[in-house]
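Engineer: What follows is model-v7.txt; its format and atoms are compact mmCIF, C-alpha atoms.
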# COMPACT_ATOMS: atom_id res chain seq x y z
CA MET A 85 100.91 87.61 91.55
CA VAL A 86 97.36 88.89 91.44
CA THR A 87 95.72 89.27 94.85
CA ALA A 88 92.40 87.68 95.76
CA GLN A 89 90.80 91.13 95.88
CA VAL A 90 92.00 91.86 92.38
CA CYS A 91 90.90 88.45 91.14
CA ARG A 92 87.40 89.01 92.47
CA SER A 93 87.10 92.20 90.43
CA VAL A 94 88.57 90.78 87.28
CA SER A 95 86.26 91.01 84.26
CA TRP A 96 86.55 90.28 80.61
CA LEU A 97 87.31 93.34 78.55
CA GLN A 98 84.68 92.74 75.87
CA GLN A 99 85.30 89.00 76.40
CA THR A 100 88.53 89.03 74.38
CA ARG A 101 90.99 91.79 73.64
CA PHE A 102 92.89 91.50 70.36
CA ASP A 103 95.91 93.69 71.09
CA GLN A 104 98.80 93.34 68.69
CA ASP A 105 101.14 93.17 71.68
CA HIS A 106 99.54 89.90 72.71
CA VAL A 107 99.61 88.12 69.36
CA ASP A 108 102.60 85.84 69.25
CA LYS A 109 102.23 84.76 65.62
CA PRO A 110 99.66 84.90 62.82
CA GLY A 111 96.58 82.88 63.51
CA ARG A 112 97.26 82.57 67.27
CA TRP A 113 96.05 84.79 70.10
CA GLN A 114 95.91 84.94 73.87
CA LYS A 115 93.04 85.92 76.18
CA VAL A 116 93.75 89.03 78.20
CA LEU A 117 92.12 89.92 81.55
CA TRP A 118 91.82 93.47 82.80
CA THR A 119 92.40 93.99 86.55
CA ASP A 120 91.60 96.84 88.93
CA GLU A 121 95.29 97.80 88.85
CA ASN A 122 95.03 98.09 85.04
CA GLU A 123 97.46 95.26 84.75
CA ASP A 124 97.23 92.71 81.99
CA LEU A 125 97.00 89.11 83.11
CA ILE A 126 97.80 86.82 80.20
CA LEU A 127 96.23 83.41 80.45
CA PRO A 128 97.82 80.31 78.93
CA GLN A 129 97.48 80.26 75.19
CA GLU A 130 94.58 78.26 73.80
CA PRO A 131 94.65 76.58 70.37
CA HIS A 132 92.28 78.43 68.07
CA ALA A 133 91.58 78.53 64.36
CA ASN A 134 92.56 81.60 62.40
CA LEU A 135 89.76 84.17 62.64
CA SER A 136 89.71 84.34 58.85
CA THR A 137 87.86 81.48 57.18
CA GLY A 138 90.54 81.24 54.51
CA PRO A 139 91.93 83.04 51.47
CA GLN A 140 89.69 85.96 50.64
CA GLN A 141 87.93 86.23 47.29
CA LYS A 142 90.12 88.37 45.01
CA HIS A 143 87.59 88.87 42.23
CA LYS A 144 83.83 89.29 41.86
CA THR A 145 83.19 86.55 39.32
CA PHE A 146 80.81 83.87 40.58
CA TYR A 147 79.02 80.82 39.23
CA GLU A 148 75.36 80.11 39.73
CA PHE A 149 74.46 76.42 40.02
CA ARG A 150 70.88 75.64 38.98
CA THR A 151 69.04 72.35 39.38
CA TYR A 152 65.60 71.80 37.88
CA CYS A 153 63.36 68.84 38.62
CA ILE A 154 61.06 67.92 35.73
CA HIS A 155 57.72 66.12 35.61
CA PRO A 156 58.63 62.56 34.54
CA ASP A 157 56.32 62.63 31.53
CA GLN A 158 57.75 66.00 30.42
CA ASN A 159 61.46 65.23 30.60
CA ALA A 160 62.00 64.63 26.87
CA ALA A 161 59.81 67.61 25.92
CA PHE A 162 61.70 69.91 28.30
CA LEU A 163 65.09 68.90 26.92
CA LYS A 164 63.91 69.42 23.33
CA LEU A 165 62.43 72.83 24.12
CA THR A 166 65.61 73.90 25.88
CA ASN A 167 67.77 72.63 23.01
CA ASP A 168 65.70 74.65 20.53
CA LYS A 169 65.47 77.86 22.57
CA ILE A 170 68.62 78.03 24.70
CA HIS A 171 70.05 80.68 22.36
CA LEU A 172 67.45 83.09 23.73
CA ARG A 173 68.99 82.65 27.19
CA THR A 174 72.67 82.60 26.24
CA ALA A 175 72.20 85.92 24.44
CA HIS A 176 72.10 87.48 27.91
CA SER A 177 74.86 85.74 29.88
CA GLU A 178 77.49 83.01 29.66
CA LEU A 179 76.53 79.36 30.03
CA ILE A 180 79.34 77.13 31.31
CA GLY A 181 77.58 73.79 31.04
CA TYR A 182 74.18 72.13 30.89
CA TRP A 183 73.65 68.48 31.81
CA SER A 184 70.92 65.92 32.37
CA VAL A 185 71.34 63.87 35.54
CA GLU A 186 71.86 60.17 34.83
CA TYR A 187 72.60 58.86 38.35
CA GLY A 188 72.09 60.53 41.71
CA GLY A 189 68.77 62.12 40.72
CA LEU A 190 65.90 61.35 38.37
CA ASN A 191 64.32 63.73 35.84
CA GLN A 192 66.74 66.53 36.67
CA VAL A 193 68.92 68.96 34.76
CA PHE A 194 71.91 70.80 36.19
CA HIS A 195 73.47 73.94 34.68
CA ILE A 196 76.17 76.48 35.55
CA TRP A 197 76.04 80.19 34.64
CA LYS A 198 78.91 82.65 34.97
CA TYR A 199 78.49 86.26 36.14
CA ASP A 200 81.03 89.05 36.53
CA ASP A 201 79.29 90.28 39.70
CA TYR A 202 75.89 90.53 41.36
CA SER A 203 75.02 93.71 39.49
CA GLN A 204 75.44 91.92 36.18
CA ARG A 205 73.19 89.08 37.30
CA ALA A 206 70.50 91.53 38.42
CA ALA A 207 70.69 93.30 35.05
CA VAL A 208 70.45 89.97 33.21
CA ARG A 209 67.40 88.91 35.20
CA ALA A 210 65.73 92.25 34.52
CA ALA A 211 66.49 92.02 30.79
CA LEU A 212 65.13 88.47 30.58
CA ALA A 213 61.87 89.55 32.18
CA GLN A 214 61.50 92.16 29.44
CA ASP A 215 62.52 89.86 26.59
CA PRO A 216 59.26 88.90 24.80
CA SER A 217 60.85 86.04 22.88
CA TRP A 218 62.30 84.46 26.00
CA VAL A 219 59.05 84.80 27.93
CA SER A 220 56.66 83.62 25.21
CA GLU A 221 58.76 81.04 23.37
CA TYR A 222 60.51 79.41 26.32
CA LEU A 223 59.63 80.47 29.85
CA SER A 224 55.86 80.20 29.55
CA LYS A 225 56.20 76.70 28.09
CA ALA A 226 59.03 75.41 30.29
CA MET A 227 57.76 76.42 33.72
CA PRO A 228 54.70 74.10 33.73
CA MET A 229 57.05 71.20 32.98
CA LEU A 230 59.02 71.70 36.22
CA THR A 231 58.26 70.46 39.71
CA SER A 232 60.95 72.52 41.47
CA GLN A 233 63.96 74.78 40.95
CA ASP A 234 67.01 75.30 43.14
CA ASN A 235 70.07 77.51 42.87
CA GLU A 236 73.36 78.08 44.65
CA VAL A 237 75.98 80.80 44.28
CA THR A 238 79.55 79.53 44.24
CA TYR A 239 83.07 80.82 43.73
CA LEU A 240 85.98 78.91 42.31
CA VAL A 241 88.39 78.07 45.12
CA PRO A 242 91.65 80.08 44.81
CA TRP A 243 93.68 77.12 43.55
CA SER A 244 91.22 76.06 40.84
CA SER A 245 90.16 77.31 37.42
CA ILE A 246 87.70 75.87 34.93
CA GLN A 247 89.48 73.40 32.66
CA GLN A 248 88.25 71.99 29.37
CA PRO A 249 88.05 68.19 29.18
CA PRO A 250 90.59 66.53 26.88
CA GLN A 251 87.87 65.49 24.43
CA GLU A 252 84.13 65.69 23.85
CA GLY A 253 81.68 62.88 24.45
CA GLY A 254 82.40 61.88 28.04
CA VAL A 255 80.43 62.12 31.26
CA TYR A 256 80.80 64.36 34.30
CA GLU A 257 80.60 63.74 38.02
CA LEU A 258 79.55 66.48 40.41
CA ALA A 259 80.86 65.45 43.83
CA SER A 260 79.51 67.64 46.64
CA TYR A 261 81.12 67.72 50.09
CA GLN A 262 79.48 69.17 53.20
CA MET A 263 82.41 70.34 55.30
CA ARG A 264 82.35 71.07 59.01
CA PRO A 265 82.14 74.76 59.96
CA GLY A 266 85.41 76.63 60.11
CA GLY A 267 86.06 77.43 56.49
CA PRO A 268 89.08 76.75 54.27
CA ALA A 269 91.43 77.99 57.00
CA VAL A 270 90.59 74.74 58.82
CA TRP A 271 90.02 72.20 56.05
CA GLY A 272 91.35 73.88 52.91
CA LYS A 273 94.79 72.30 52.67
CA PRO A 274 93.74 68.71 53.48
CA PHE A 275 90.83 68.98 51.05
CA GLN A 276 93.05 70.37 48.30
CA ALA A 277 95.51 67.53 48.84
CA ALA A 278 92.73 64.95 48.56
CA VAL A 279 91.38 66.48 45.35
CA THR A 280 94.74 66.94 43.66
CA ALA A 281 95.68 63.35 44.54
CA HIS A 282 92.91 62.27 42.17
CA ASP A 283 93.74 64.93 39.57
CA ALA A 284 96.87 63.19 38.33
CA PRO A 285 97.95 61.34 35.19
CA GLY A 286 96.05 58.11 34.90
CA TYR A 287 93.12 59.41 36.93
CA ALA A 288 90.12 61.67 36.33
CA LYS A 289 90.21 65.12 34.77
CA LEU A 290 89.33 67.90 37.21
CA VAL A 291 87.15 70.55 35.58
CA GLY A 292 86.72 72.88 38.56
CA VAL A 293 86.30 73.15 42.33
CA PHE A 294 83.68 75.52 43.74
CA HIS A 295 82.92 76.80 47.26
CA SER A 296 79.37 77.83 48.21
CA GLU A 297 78.50 81.45 49.00
CA PHE A 298 74.69 81.30 49.00
CA GLY A 299 72.68 78.15 49.60
CA GLN A 300 73.99 75.40 51.85
CA LEU A 301 77.11 76.90 53.42
CA ASN A 302 80.43 75.10 53.97
CA ARG A 303 79.81 73.07 50.84
CA VAL A 304 82.46 72.34 48.22
CA HIS A 305 81.77 70.92 44.76
CA ALA A 306 84.31 69.15 42.56
CA LEU A 307 83.36 68.71 38.90
CA TRP A 308 85.15 65.81 37.19
CA TRP A 309 85.24 64.49 33.63
CA PHE A 310 85.49 60.83 32.58
CA LYS A 311 85.47 59.11 29.23
CA SER A 312 82.58 56.92 30.35
CA PRO A 313 80.84 55.61 33.49
CA ASP A 314 82.88 52.42 33.18
CA GLN A 315 86.14 54.37 33.14
CA ARG A 316 85.02 56.13 36.31
CA ALA A 317 84.39 52.77 37.98
CA GLU A 318 87.85 51.54 36.94
CA LEU A 319 89.56 54.66 38.26
CA ARG A 320 87.68 54.46 41.55
CA GLN A 321 89.00 50.93 42.05
CA LYS A 322 92.50 52.09 41.11
CA ALA A 323 92.33 54.91 43.66
CA HIS A 324 91.28 52.53 46.42
CA ASN A 325 94.53 50.64 45.91
CA ASP A 326 96.77 53.71 45.65
CA ALA A 327 98.41 54.41 49.02
CA ARG A 328 99.11 58.02 48.03
CA VAL A 329 95.45 58.73 47.27
CA VAL A 330 94.17 56.80 50.29
CA ALA A 331 96.42 58.74 52.67
CA ALA A 332 95.34 62.11 51.25
CA VAL A 333 91.65 61.21 51.53
CA ARG A 334 92.01 59.99 55.11
CA ASN A 335 93.66 63.25 56.15
CA SER A 336 90.69 65.24 54.87
CA PHE A 337 88.00 62.88 56.13
CA VAL A 338 87.97 64.35 59.66
CA HIS A 339 86.67 67.67 58.27
CA LEU A 340 83.79 66.10 56.36
CA ASP A 341 80.17 65.84 57.52
CA SER A 342 78.57 64.27 54.46
CA GLN A 343 78.94 63.90 50.72
CA LYS A 344 76.86 63.11 47.66
CA ASN A 345 77.37 62.94 43.92
CA LYS A 346 75.62 62.93 40.56
CA LEU A 347 76.65 61.53 37.21
CA LEU A 348 75.90 64.06 34.47
CA CYS A 349 75.49 63.70 30.72
CA PRO A 350 76.15 66.91 28.74
CA CYS A 351 73.31 68.18 26.58
CA PRO A 352 74.08 68.76 22.87
CA PHE A 353 74.08 72.55 23.39
CA SER A 354 76.31 72.50 26.49
CA PRO A 355 79.62 74.38 26.11
CA LEU A 356 81.24 71.73 28.30
CA LYS A 357 80.68 68.49 26.40
Take the structure I supplied and represent it as structure tokens, if you would.

Structural biologist:
Amino acid sequence: MVTAQVCRSVSWLQQTRFDQDHVDKPGRWQKVLWTDENEDLILPQEPHANLSTGPQQKHKTFYEFRTYCIHPDQNAAFLKLTNDKIHLRTAHSELIGYWSVEYGGLNQVFHIWKYDDYSQRAAVRAALAQDPSWVSEYLSKAMPMLTSQDNEVTYLVPWSSIQQPPQEGGVYELASYQMRPGGPAVWGKPFQAAVTAHDAPGYAKLVGVFHSEFGQLNRVHALWWFKSPDQRAELRQKAHNDARVVAAVRNSFVHLDSQKNKLLCPCPFSPLK
């Protein structure tokens, strides 16, 4: 029993003390008070998320998402210029895919670039700035055609890798989910279950799942492939009537703030077609 005198002099020891002796199991902890008698008073355990936001990144490879908005009257000219000169850019780093946005945005292109680490990206950007062909034949002509540019740095989530679609000639959907703060330690497993429920025979083909590092945080992107927009519509209806898929989605819904999507058509020069 702690006396009233002791209680009056109780103070937080740096608010919370994370002593191994007071951790009952991974991901759980107890608040510890320090008294004048140097006695530990352990308060009732409070539910708390793991201090880690989830599985840590085990490699340096990242993917830069870029979205360009184009002047409406320059859309066709921009796509032709890029088709003719993209080899000047891919000589410096790896292009994963390049798409025009069909639904979910007008006069936009979306592309993904792969980098081994931040040092490589910095070196690539420096080399491009010194590449006279890139600057004169493409950059100087393309920039006036754009109204805005946006980028985001992402990592593949630990349970995903980039997969090739089963055939060329389809369409892609980029589904973007704004998750509530807390990280994958909070929403990772329910979200994975919801995604993998759709990535099954008879459903869509999952190309990759990415988690934001720079840009809007707590955002996850799932890139899907479909044979056509009509096939996507059919599969959406099928999923709505599949109890397994519906249950998985409902379990992840509580961690979601908002979502949006875009339907993408691969450009002729895109590695992912």

Engineer: When you count all atoms listed in the file, which of these residues is closest to Leu212 of chain A: A:Ala175, A:Ala288, A:Cys153, A:Leu258?

Structural biologist: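 Of A:Ala175, A:Ala288, A:Cys153, A:Leu258, the one nearest Leu212 of chain A, counting all atoms listed in the file, is A:Ala175.
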
Engineer: Give the answer as one residue: which of A:Val219, A:Ala278, A:Leu230, A:Val255 has the shortest atom-to-atom distance to Arg316 of chain A, using all atoms listed in the file?

Structural biologist: A:Val255

Engineer: Could you give me, as an NGL selection string, the residues within 10 Å of segment 186-196 of chain A, counting all atoms listed in the file and dropping anything in the same chain fewer than 2 positions from it?

Structural biologist: :A and (147-160 or 162-163 or 178-184 or 198 or 230-238 or 255-258 or 344-351 or 354)

Engineer: Any idea what the distance is between atom CA of Glu252 of chain A and atom CA of Leu356 of chain A?

Structural biologist: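 Atom CA of Leu356 of chain A lies 8.0 Å from atom CA of Glu252 of chain A.
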
Engineer: Atom CA of Leu290 of chain A and atom CA of Ser177 of chain A, how far apart in Å?

Structural biologist: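 If I compute the distance from atom CA of Ser177 of chain A to atom CA of Leu290 of chain A, I get 24.1 Å.
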
Engineer: Taking all atoms listed in the file into account, name the residue in A:Pro274, A:Gly292, A:Pro228, A:Pro216 that is nearest to Leu340 of chain A.

Structural biologist: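 For Leu340 of chain A, the nearest of the candidates is A:Pro274.
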
Engineer: Have a look at A:Ala226, A:Leu240, A:Ala211, A:Leu172 and name the one nearest to His143 of chain A; count all atoms listed in the file.

Structural biologist: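 Distance minimum relative to His143 of chain A lands on A:Leu240.
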
Engineer: So what do you get for atom CA of His176 of chain A versus atom CA of Val208 of chain A, distance-wise?

Structural biologist: 6.1 Å

Engineer: Let me make sure I understand: among A:Val304, A:Phe298, A:Ala281, A:Tyr202, which one has the smallest atom-to-atom distance to His324 of chain A if we use only C-alpha atoms?

Structural biologist: A:Ala281

Engineer: Enumerate, as a compact mmCIF listing (two decimals) with C-alpha atoms, keeping the file's coordinate frame, the protein, DNA and RNA residues whose atoms approach (82.2, 88.3, 35.8) to within 8 Å, taking into account all atoms listed in the file and the coordinate frame of the file.

Structural biologist:
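Saved as point01.txt:
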# COMPACT_ATOMS: atom_id res chain seq x y z
CA LYS A 144 83.83 89.29 41.86
CA THR A 145 83.19 86.55 39.32
CA PHE A 146 80.81 83.87 40.58
CA LYS A 198 78.91 82.65 34.97
CA TYR A 199 78.49 86.26 36.14
CA ASP A 200 81.03 89.05 36.53
CA ASP A 201 79.29 90.28 39.70
CA GLN A 204 75.44 91.92 36.18

Engineer: May I have the residues at most 6 Å from (81.1, 68.2, 59.2) in the file's coordinates, counting all atoms listed in the file, as a PDB file with C-alpha atoms, keeping the file's coordinate frame?

Structural biologist:
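Writing done, so here's point_26.pdb:
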ATOM      1  CA  MET A 263      82.410  70.340  55.300  1.00  0.00           C
ATOM      2  CA  ARG A 264      82.350  71.070  59.010  1.00  0.00           C
ATOM      3  CA  HIS A 339      86.670  67.670  58.270  1.00  0.00           C
ATOM      4  CA  LEU A 340      83.790  66.100  56.360  1.00  0.00           C
ATOM      5  CA  ASP A 341      80.170  65.840  57.520  1.00  0.00           C
TER       6      ASP A 341
END
